[in-house]
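Peer 1: This one is target-v8.txt, compact mmCIF, C-alpha atoms.
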```
# COMPACT_ATOMS: atom_id res chain seq x y z
CA MET A 1 75.23 36.49 -90.25
CA ALA A 2 71.49 36.00 -89.85
CA VAL A 3 70.33 34.18 -86.77
CA ASN A 4 69.15 30.69 -87.64
CA TYR A 5 68.45 29.07 -84.29
CA GLY A 6 65.90 29.12 -81.48
CA SER A 7 62.64 30.85 -82.38
CA LYS A 8 64.37 32.46 -85.38
CA ARG A 9 65.27 29.10 -86.89
CA ILE A 10 64.17 28.70 -90.48
CA VAL A 11 62.22 25.48 -90.50
CA VAL A 12 62.36 23.53 -93.69
CA GLY A 13 61.21 20.07 -94.60
CA ALA A 14 58.08 18.31 -93.47
CA HIS A 15 58.66 17.37 -89.83
CA TYR A 16 60.74 14.32 -90.72
CA GLY A 17 62.36 14.47 -87.30
CA LEU A 18 59.04 14.37 -85.46
CA ARG A 19 57.78 11.57 -87.67
CA ASP A 20 60.86 9.43 -87.02
CA TRP A 21 60.83 10.20 -83.31
CA LEU A 22 57.16 9.38 -82.95
CA SER A 23 57.21 6.27 -85.12
CA GLN A 24 60.14 4.89 -83.16
CA ARG A 25 58.14 5.27 -79.95
CA VAL A 26 54.91 3.83 -81.33
CA THR A 27 56.70 0.82 -82.83
CA ALA A 28 58.59 0.36 -79.56
CA GLY A 29 55.34 0.32 -77.60
CA LEU A 30 53.83 -2.26 -79.95
CA MET A 31 56.89 -4.51 -79.72
CA ALA A 32 57.00 -4.19 -75.92
CA LEU A 33 53.35 -5.29 -75.64
CA PHE A 34 54.00 -8.17 -78.04
CA THR A 35 56.98 -9.25 -75.94
CA LEU A 36 54.83 -9.36 -72.81
CA LEU A 37 52.11 -11.29 -74.67
CA VAL A 38 54.52 -14.01 -75.88
CA LEU A 39 56.29 -14.09 -72.51
CA ALA A 40 52.98 -14.56 -70.68
CA GLN A 41 52.07 -17.49 -72.91
CA VAL A 42 55.46 -19.10 -72.28
CA LEU A 43 55.42 -18.50 -68.52
CA PHE A 44 51.82 -19.52 -67.85
CA SER A 45 51.88 -22.72 -69.87
CA ARG A 46 51.88 -25.89 -67.81
CA GLY A 47 54.76 -28.33 -68.04
CA PRO A 48 57.95 -28.09 -70.07
CA ILE A 49 57.82 -26.20 -73.34
CA GLY A 50 58.33 -28.53 -76.28
CA TYR A 51 57.76 -28.01 -79.96
CA ASP A 52 53.96 -28.27 -79.79
CA LYS A 53 53.50 -25.54 -77.21
CA TRP A 54 56.02 -23.21 -78.80
CA ALA A 55 54.64 -23.58 -82.32
CA GLY A 56 51.10 -23.46 -80.90
CA ILE A 57 51.64 -19.89 -79.76
CA PHE A 58 52.03 -18.79 -83.40
CA ALA A 59 49.47 -21.18 -84.87
CA SER A 60 46.33 -19.03 -84.76
CA GLN A 61 45.58 -16.58 -87.54
CA TRP A 62 45.23 -13.55 -85.24
CA MET A 63 48.66 -14.26 -83.74
CA LYS A 64 50.15 -14.51 -87.24
CA VAL A 65 48.64 -11.17 -88.21
CA LEU A 66 49.84 -9.59 -84.96
CA THR A 67 53.34 -11.02 -85.39
CA PHE A 68 53.38 -9.75 -88.95
CA THR A 69 52.62 -6.21 -87.81
CA VAL A 70 55.33 -6.53 -85.15
CA ILE A 71 57.84 -7.56 -87.83
CA ALA A 72 56.82 -4.47 -89.83
CA ALA A 73 57.16 -2.33 -86.69
CA LEU A 74 60.59 -3.82 -86.02
CA LEU A 75 61.68 -3.05 -89.58
CA TRP A 76 60.67 0.59 -89.23
CA HIS A 77 62.10 0.94 -85.70
CA VAL A 78 65.49 -0.48 -86.69
CA TRP A 79 65.64 1.64 -89.84
CA VAL A 80 65.19 4.84 -87.82
CA GLY A 81 67.73 3.69 -85.23
CA MET A 82 70.41 2.55 -87.66
CA ARG A 83 69.97 5.68 -89.77
CA ASP A 84 70.58 7.73 -86.61
CA VAL A 85 73.73 5.76 -85.89
CA TRP A 86 75.11 6.14 -89.42
CA MET A 87 74.28 9.87 -89.46
CA ASP A 88 76.11 10.38 -86.16
CA TYR A 89 79.29 8.45 -86.82
CA VAL A 90 79.76 8.20 -90.58
CA LYS A 91 80.50 11.50 -92.28
CA PRO A 92 81.57 10.72 -95.88
CA VAL A 93 78.43 10.76 -97.99
CA TRP A 94 79.42 7.75 -100.09
CA ALA A 95 80.05 5.58 -97.02
CA ARG A 96 76.82 6.71 -95.39
CA LEU A 97 74.82 5.96 -98.52
CA LEU A 98 76.47 2.56 -98.81
CA LEU A 99 75.66 1.70 -95.19
CA GLN A 100 72.08 2.93 -95.53
CA VAL A 101 71.57 0.79 -98.63
CA PHE A 102 73.12 -2.17 -96.78
CA THR A 103 70.73 -1.54 -93.85
CA ILE A 104 67.69 -1.55 -96.12
CA VAL A 105 68.77 -4.73 -97.92
CA TRP A 106 69.63 -6.44 -94.62
CA LEU A 107 66.32 -5.48 -92.99
CA LEU A 108 64.12 -6.35 -95.97
CA GLY A 109 65.89 -9.70 -96.33
CA CYS A 110 65.42 -10.48 -92.64
CA ALA A 111 61.76 -9.41 -92.66
CA GLY A 112 60.99 -11.53 -95.72
CA TRP A 113 62.61 -14.56 -94.15
CA ALA A 114 60.79 -14.04 -90.84
CA ILE A 115 57.42 -13.69 -92.57
CA GLN A 116 58.05 -16.83 -94.61
CA VAL A 117 58.87 -18.75 -91.42
CA LEU A 118 55.80 -17.35 -89.67
CA TRP A 119 53.39 -18.71 -92.28
CA ARG A 120 55.13 -22.08 -92.33
CA VAL A 121 53.75 -22.93 -88.87
CA MET B 1 83.96 45.02 -64.60
CA THR B 2 84.08 41.31 -64.24
CA GLU B 3 87.05 39.31 -65.25
CA PRO B 4 86.61 37.68 -68.63
CA ALA B 5 85.97 34.01 -68.13
CA LYS B 6 88.99 31.81 -68.52
CA LYS B 7 89.10 30.18 -71.88
CA ARG B 8 87.47 26.82 -71.43
CA PRO B 9 88.96 23.77 -73.09
CA GLU B 10 87.32 22.78 -76.31
CA PHE B 11 86.98 19.22 -77.44
CA ARG B 12 86.56 18.69 -81.09
CA ASN B 13 87.24 15.66 -83.24
CA ILE B 14 87.02 13.45 -80.20
CA ASN B 15 89.42 10.58 -80.58
CA ALA B 16 87.97 7.30 -79.37
CA LEU B 17 91.31 6.05 -78.08
CA THR B 18 92.99 9.14 -76.61
CA ASP B 19 90.02 11.23 -75.43
CA LEU B 20 87.22 8.85 -74.51
CA PRO B 21 89.00 6.94 -71.69
CA GLY B 22 89.42 10.23 -69.83
CA TYR B 23 85.74 11.10 -70.03
CA ARG B 24 83.73 10.82 -66.85
CA LEU B 25 80.47 9.73 -68.43
CA PRO B 26 77.47 9.93 -66.07
CA VAL B 27 75.49 6.72 -65.61
CA ALA B 28 72.70 8.08 -67.86
CA GLY B 29 75.34 8.49 -70.57
CA VAL B 30 76.48 4.92 -70.08
CA VAL B 31 72.89 3.69 -70.45
CA SER B 32 72.54 5.82 -73.57
CA ILE B 33 75.60 4.47 -75.37
CA LEU B 34 74.74 0.92 -74.30
CA HIS B 35 71.26 1.47 -75.76
CA ARG B 36 72.96 2.15 -79.08
CA ILE B 37 75.43 -0.71 -78.81
CA SER B 38 72.69 -3.19 -77.88
CA GLY B 39 70.58 -1.98 -80.79
CA VAL B 40 73.40 -2.36 -83.33
CA LEU B 41 74.25 -5.78 -81.89
CA MET B 42 70.68 -7.02 -82.38
CA PHE B 43 70.63 -5.51 -85.88
CA LEU B 44 73.80 -7.40 -86.85
CA LEU B 45 72.64 -10.66 -85.25
CA MET B 46 69.17 -10.44 -86.77
CA PRO B 47 69.77 -13.33 -89.23
CA PHE B 48 70.82 -15.54 -86.29
CA ILE B 49 67.66 -14.56 -84.38
CA ILE B 50 65.50 -15.46 -87.38
CA TRP B 51 67.47 -18.67 -87.85
CA MET B 52 66.53 -19.60 -84.27
CA PHE B 53 62.90 -18.67 -84.95
CA ASP B 54 62.97 -20.75 -88.15
CA LYS B 55 64.53 -23.86 -86.59
CA SER B 56 62.49 -23.74 -83.39
CA ILE B 57 59.14 -23.37 -85.10
CA SER B 58 59.21 -25.02 -88.53
CA SER B 59 58.91 -28.70 -87.54
CA GLU B 60 59.64 -31.27 -84.83
CA ILE B 61 62.83 -32.22 -86.66
CA SER B 62 64.09 -28.66 -86.97
CA PHE B 63 63.16 -28.10 -83.30
CA ALA B 64 65.40 -31.03 -82.36
CA LYS B 65 68.18 -29.49 -84.46
CA PHE B 66 67.61 -26.18 -82.66
CA THR B 67 67.96 -27.72 -79.19
CA SER B 68 70.96 -29.84 -80.18
CA ALA B 69 72.76 -26.70 -81.42
CA PHE B 70 72.83 -25.56 -77.80
CA ARG B 71 73.97 -28.95 -76.48
CA GLN B 72 76.27 -30.38 -79.13
CA GLY B 73 76.98 -27.27 -81.14
CA LEU B 74 76.44 -26.65 -84.82
CA GLY B 75 79.04 -27.62 -87.40
CA PHE B 76 82.37 -26.31 -86.15
CA VAL B 77 80.71 -23.91 -83.67
CA PRO B 78 80.62 -25.37 -80.12
CA GLY B 79 77.41 -25.25 -78.08
CA TRP B 80 78.88 -23.04 -75.34
CA PHE B 81 79.67 -20.39 -77.93
CA ILE B 82 76.09 -20.39 -79.23
CA LYS B 83 74.90 -20.05 -75.63
CA LEU B 84 77.28 -17.13 -75.13
CA VAL B 85 75.94 -15.35 -78.22
CA VAL B 86 72.38 -15.94 -77.03
CA LEU B 87 73.37 -14.58 -73.61
CA ALA B 88 74.66 -11.42 -75.30
CA LEU B 89 71.35 -11.15 -77.17
CA ILE B 90 69.39 -11.62 -73.93
CA TRP B 91 71.34 -8.78 -72.33
CA ALA B 92 70.95 -6.59 -75.42
CA TYR B 93 67.19 -7.14 -75.53
CA LEU B 94 66.71 -6.53 -71.80
CA HIS B 95 68.87 -3.41 -71.77
CA HIS B 96 67.26 -2.01 -74.91
CA PHE B 97 63.80 -2.81 -73.55
CA ILE B 98 64.28 -1.27 -70.10
CA ALA B 99 66.19 1.76 -71.41
CA GLY B 100 63.40 2.19 -73.98
CA VAL B 101 60.70 2.14 -71.30
CA ARG B 102 62.79 4.71 -69.41
CA HIS B 103 62.78 6.88 -72.53
CA LEU B 104 59.01 6.58 -72.92
CA TRP B 105 58.62 7.47 -69.26
CA MET B 106 60.79 10.56 -69.74
CA ASP B 107 58.64 11.54 -72.73
CA VAL B 108 55.44 11.64 -70.69
CA SER B 109 56.65 12.84 -67.29
CA HIS B 110 58.35 16.08 -66.42
CA LYS B 111 59.47 14.61 -63.11
CA ALA B 112 61.42 11.91 -64.96
CA VAL B 113 63.71 14.40 -66.69
CA THR B 114 65.31 15.88 -63.57
CA LYS B 115 69.02 15.30 -63.11
CA GLU B 116 68.44 13.20 -59.99
CA PHE B 117 65.76 10.99 -61.46
CA GLY B 118 67.82 10.62 -64.64
CA ALA B 119 70.68 9.20 -62.61
CA THR B 120 68.59 6.89 -60.44
CA SER B 121 66.47 5.60 -63.33
CA ALA B 122 69.66 4.98 -65.34
CA MET B 123 71.12 3.08 -62.40
CA THR B 124 67.91 1.08 -62.09
CA THR B 125 68.12 0.24 -65.80
CA MET B 126 71.67 -1.04 -65.44
CA VAL B 127 71.02 -3.11 -62.30
CA LEU B 128 67.74 -4.57 -63.55
CA SER B 129 69.07 -5.56 -66.97
CA VAL B 130 72.21 -7.15 -65.52
CA LEU B 131 70.31 -9.04 -62.80
CA LEU B 132 67.72 -10.38 -65.25
CA THR B 133 70.51 -11.34 -67.67
CA LEU B 134 72.28 -13.25 -64.88
CA ALA B 135 69.04 -15.01 -63.90
CA LEU B 136 68.23 -16.04 -67.49
CA GLY B 137 71.88 -16.82 -68.21
CA ALA B 138 71.98 -19.23 -65.27
CA LYS B 139 68.95 -20.99 -66.77
CA LEU B 140 70.56 -21.00 -70.22
CA PHE B 141 73.73 -22.62 -68.91
CA GLY B 142 71.70 -25.13 -66.88
CA LEU B 143 72.51 -23.94 -63.35
CA TYR B 144 68.90 -24.52 -62.28
```
Translate the structure of the given file into structure tokens.
Peer 2:
Amino acid sequence: MAVNYGSKRIVVGAHYGLRDWLSQRVTAGLMALFTLLVLAQVLFSRGPIGYDKWAGIFASQWMKVLTFTVIAALLWHVWVGMRDVWMDYVKPVWARLLLQVFTIVWLLGCAGWAIQVLWRV
Amino acid sequence: MTEPAKKRPEFRNINALTDLPGYRLPVAGVVSILHRISGVLMFLLMPFIIWMFDKSISSEISFAKFTSAFRQGLGFVPGWFIKLVVLALIWAYLHHFIAGVRHLWMDVSHKAVTKEFGATSAMTTMVLSVLLTLALGAKLFGLY
């Protein structure tokens, strides 16, 4: 049997693994910075936080654009993560496909709803 | 000639009920599986998170509905249960966040991938996420 591991491993594909790994980290970094940004605005606002202050955070156009990119980052991040989970624990191909389709539908639905809400403010 | 090594036990087709309870998972392993569990939890509760975003931000009226869901409950769901779900989400976010930062740190530093640092950073992740969850949970349930 030919050796197919280590330096002798036959590499096929187009670095999908690296792409997923890297994109999960980049999207995570973006979401972490966004979290700190929103948190800072909540913590450093004076007085109790009512509707005006909360909605005010998302009122400006640049914040909408930034939040939109974070929603896109979240979508991508969760897709990579959930795909990893299904690949690890679900072996039958039909079940895996079903769950992956469900994940895509679920995530796209959620993202659409979140974007709609964002531009309602 | 050396003695052939004793045949080591093999574990295949790990059964979640009969095999897993006997596993002595290191603390880094606990952080790892909790990273997954917290991620899946947030994935499943995503519509609830967006519902909260929707209600809290759409209008003054919906904001009032949002806050009353925590006090008086929503439909047949009591307020304490909604608070409990939010508490679970707070923990999930904090754990996922801190464990994620730990991962990023391990990606850029060779010192962070030693066995010792892996254990201490995992322990730090656990303690920090639980303490912050308790602090925010106390606020959520109106203790201060």
Peer 1: Give me, as a Markdown table, the closest atom pair and its distance (Å, one decimal) for every residue of chain B within a cut-off of 9 Å of chain A, counting only C-alpha atoms, rows sorted by chain and rising number.
Peer 2:
```
| residue | atom | partner | partner_atom | distance |
| --- | --- | --- | --- | --- |
| B:Arg36 | CA | A:Val85 | CA | 7.7 |
| B:Gly39 | CA | A:Gly81 | CA | 7.7 |
| B:Val40 | CA | A:Met82 | CA | 7.2 |
| B:Phe43 | CA | A:Val78 | CA | 7.2 |
| B:Leu44 | CA | A:Trp106 | CA | 8.9 |
| B:Met46 | CA | A:Cys110 | CA | 7.0 |
| B:Pro47 | CA | A:Cys110 | CA | 6.2 |
| B:Ile50 | CA | A:Ala114 | CA | 6.0 |
| B:Trp51 | CA | A:Ala114 | CA | 8.7 |
| B:Phe53 | CA | A:Val117 | CA | 7.6 |
| B:Asp54 | CA | A:Val117 | CA | 5.6 |
| B:Ser56 | CA | A:Tyr51 | CA | 7.2 |
| B:Ile57 | CA | A:Ala55 | CA | 5.3 |
| B:Ser58 | CA | A:Val121 | CA | 5.9 |
| B:Ser59 | CA | A:Tyr51 | CA | 7.7 |
| B:Glu60 | CA | A:Tyr51 | CA | 6.2 |
| B:Phe63 | CA | A:Tyr51 | CA | 6.4 |
| B:Ala64 | CA | A:Tyr51 | CA | 8.6 |
| B:Phe97 | CA | A:Ala32 | CA | 7.3 |
| B:Gly100 | CA | A:Ala28 | CA | 7.6 |
| B:Val101 | CA | A:Gly29 | CA | 8.5 |
| B:His103 | CA | A:Arg25 | CA | 8.9 |
| B:Leu104 | CA | A:Arg25 | CA | 7.2 |
```
Peer 1: Could you write those residues out with C-alpha atoms, as a tab-separated table (two decimals), in the frame of the given file?
Peer 2:
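Below is the file that was written, part-v4.tsv:
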```tsv
chain	number	residue	atom	x	y	z
B	36	ARG	CA	72.96	2.15	-79.08
B	39	GLY	CA	70.58	-1.98	-80.79
B	40	VAL	CA	73.40	-2.36	-83.33
B	43	PHE	CA	70.63	-5.51	-85.88
B	44	LEU	CA	73.80	-7.40	-86.85
B	46	MET	CA	69.17	-10.44	-86.77
B	47	PRO	CA	69.77	-13.33	-89.23
B	50	ILE	CA	65.50	-15.46	-87.38
B	51	TRP	CA	67.47	-18.67	-87.85
B	53	PHE	CA	62.90	-18.67	-84.95
B	54	ASP	CA	62.97	-20.75	-88.15
B	56	SER	CA	62.49	-23.74	-83.39
B	57	ILE	CA	59.14	-23.37	-85.10
B	58	SER	CA	59.21	-25.02	-88.53
B	59	SER	CA	58.91	-28.70	-87.54
B	60	GLU	CA	59.64	-31.27	-84.83
B	63	PHE	CA	63.16	-28.10	-83.30
B	64	ALA	CA	65.40	-31.03	-82.36
B	97	PHE	CA	63.80	-2.81	-73.55
B	100	GLY	CA	63.40	2.19	-73.98
B	101	VAL	CA	60.70	2.14	-71.30
B	103	HIS	CA	62.78	6.88	-72.53
B	104	LEU	CA	59.01	6.58	-72.92
```
Peer 1: For Phe48 (chain B), which residue among B:Ala28, B:Leu89, B:Ile61, B:Ile14 is the nearest when counting all atoms listed in the file?
Peer 2: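 Nearest candidate to Phe48 (chain B) out of B:Ala28, B:Leu89, B:Ile61, B:Ile14: B:Leu89.
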Peer 1: Please report the interatomic distance between CA of Ile90 (chain B) and CA of Ser129 (chain B) in Å with one decimal.
Peer 2: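 Interatomic distance, CA of Ile90 (chain B) to CA of Ser129 (chain B): 9.2 Å.
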Peer 1: Just give me the gap between CA of Gln41 (chain A) and CA of Met63 (chain A) in Å, one decimal is fine.
Peer 2: 11.8 Å
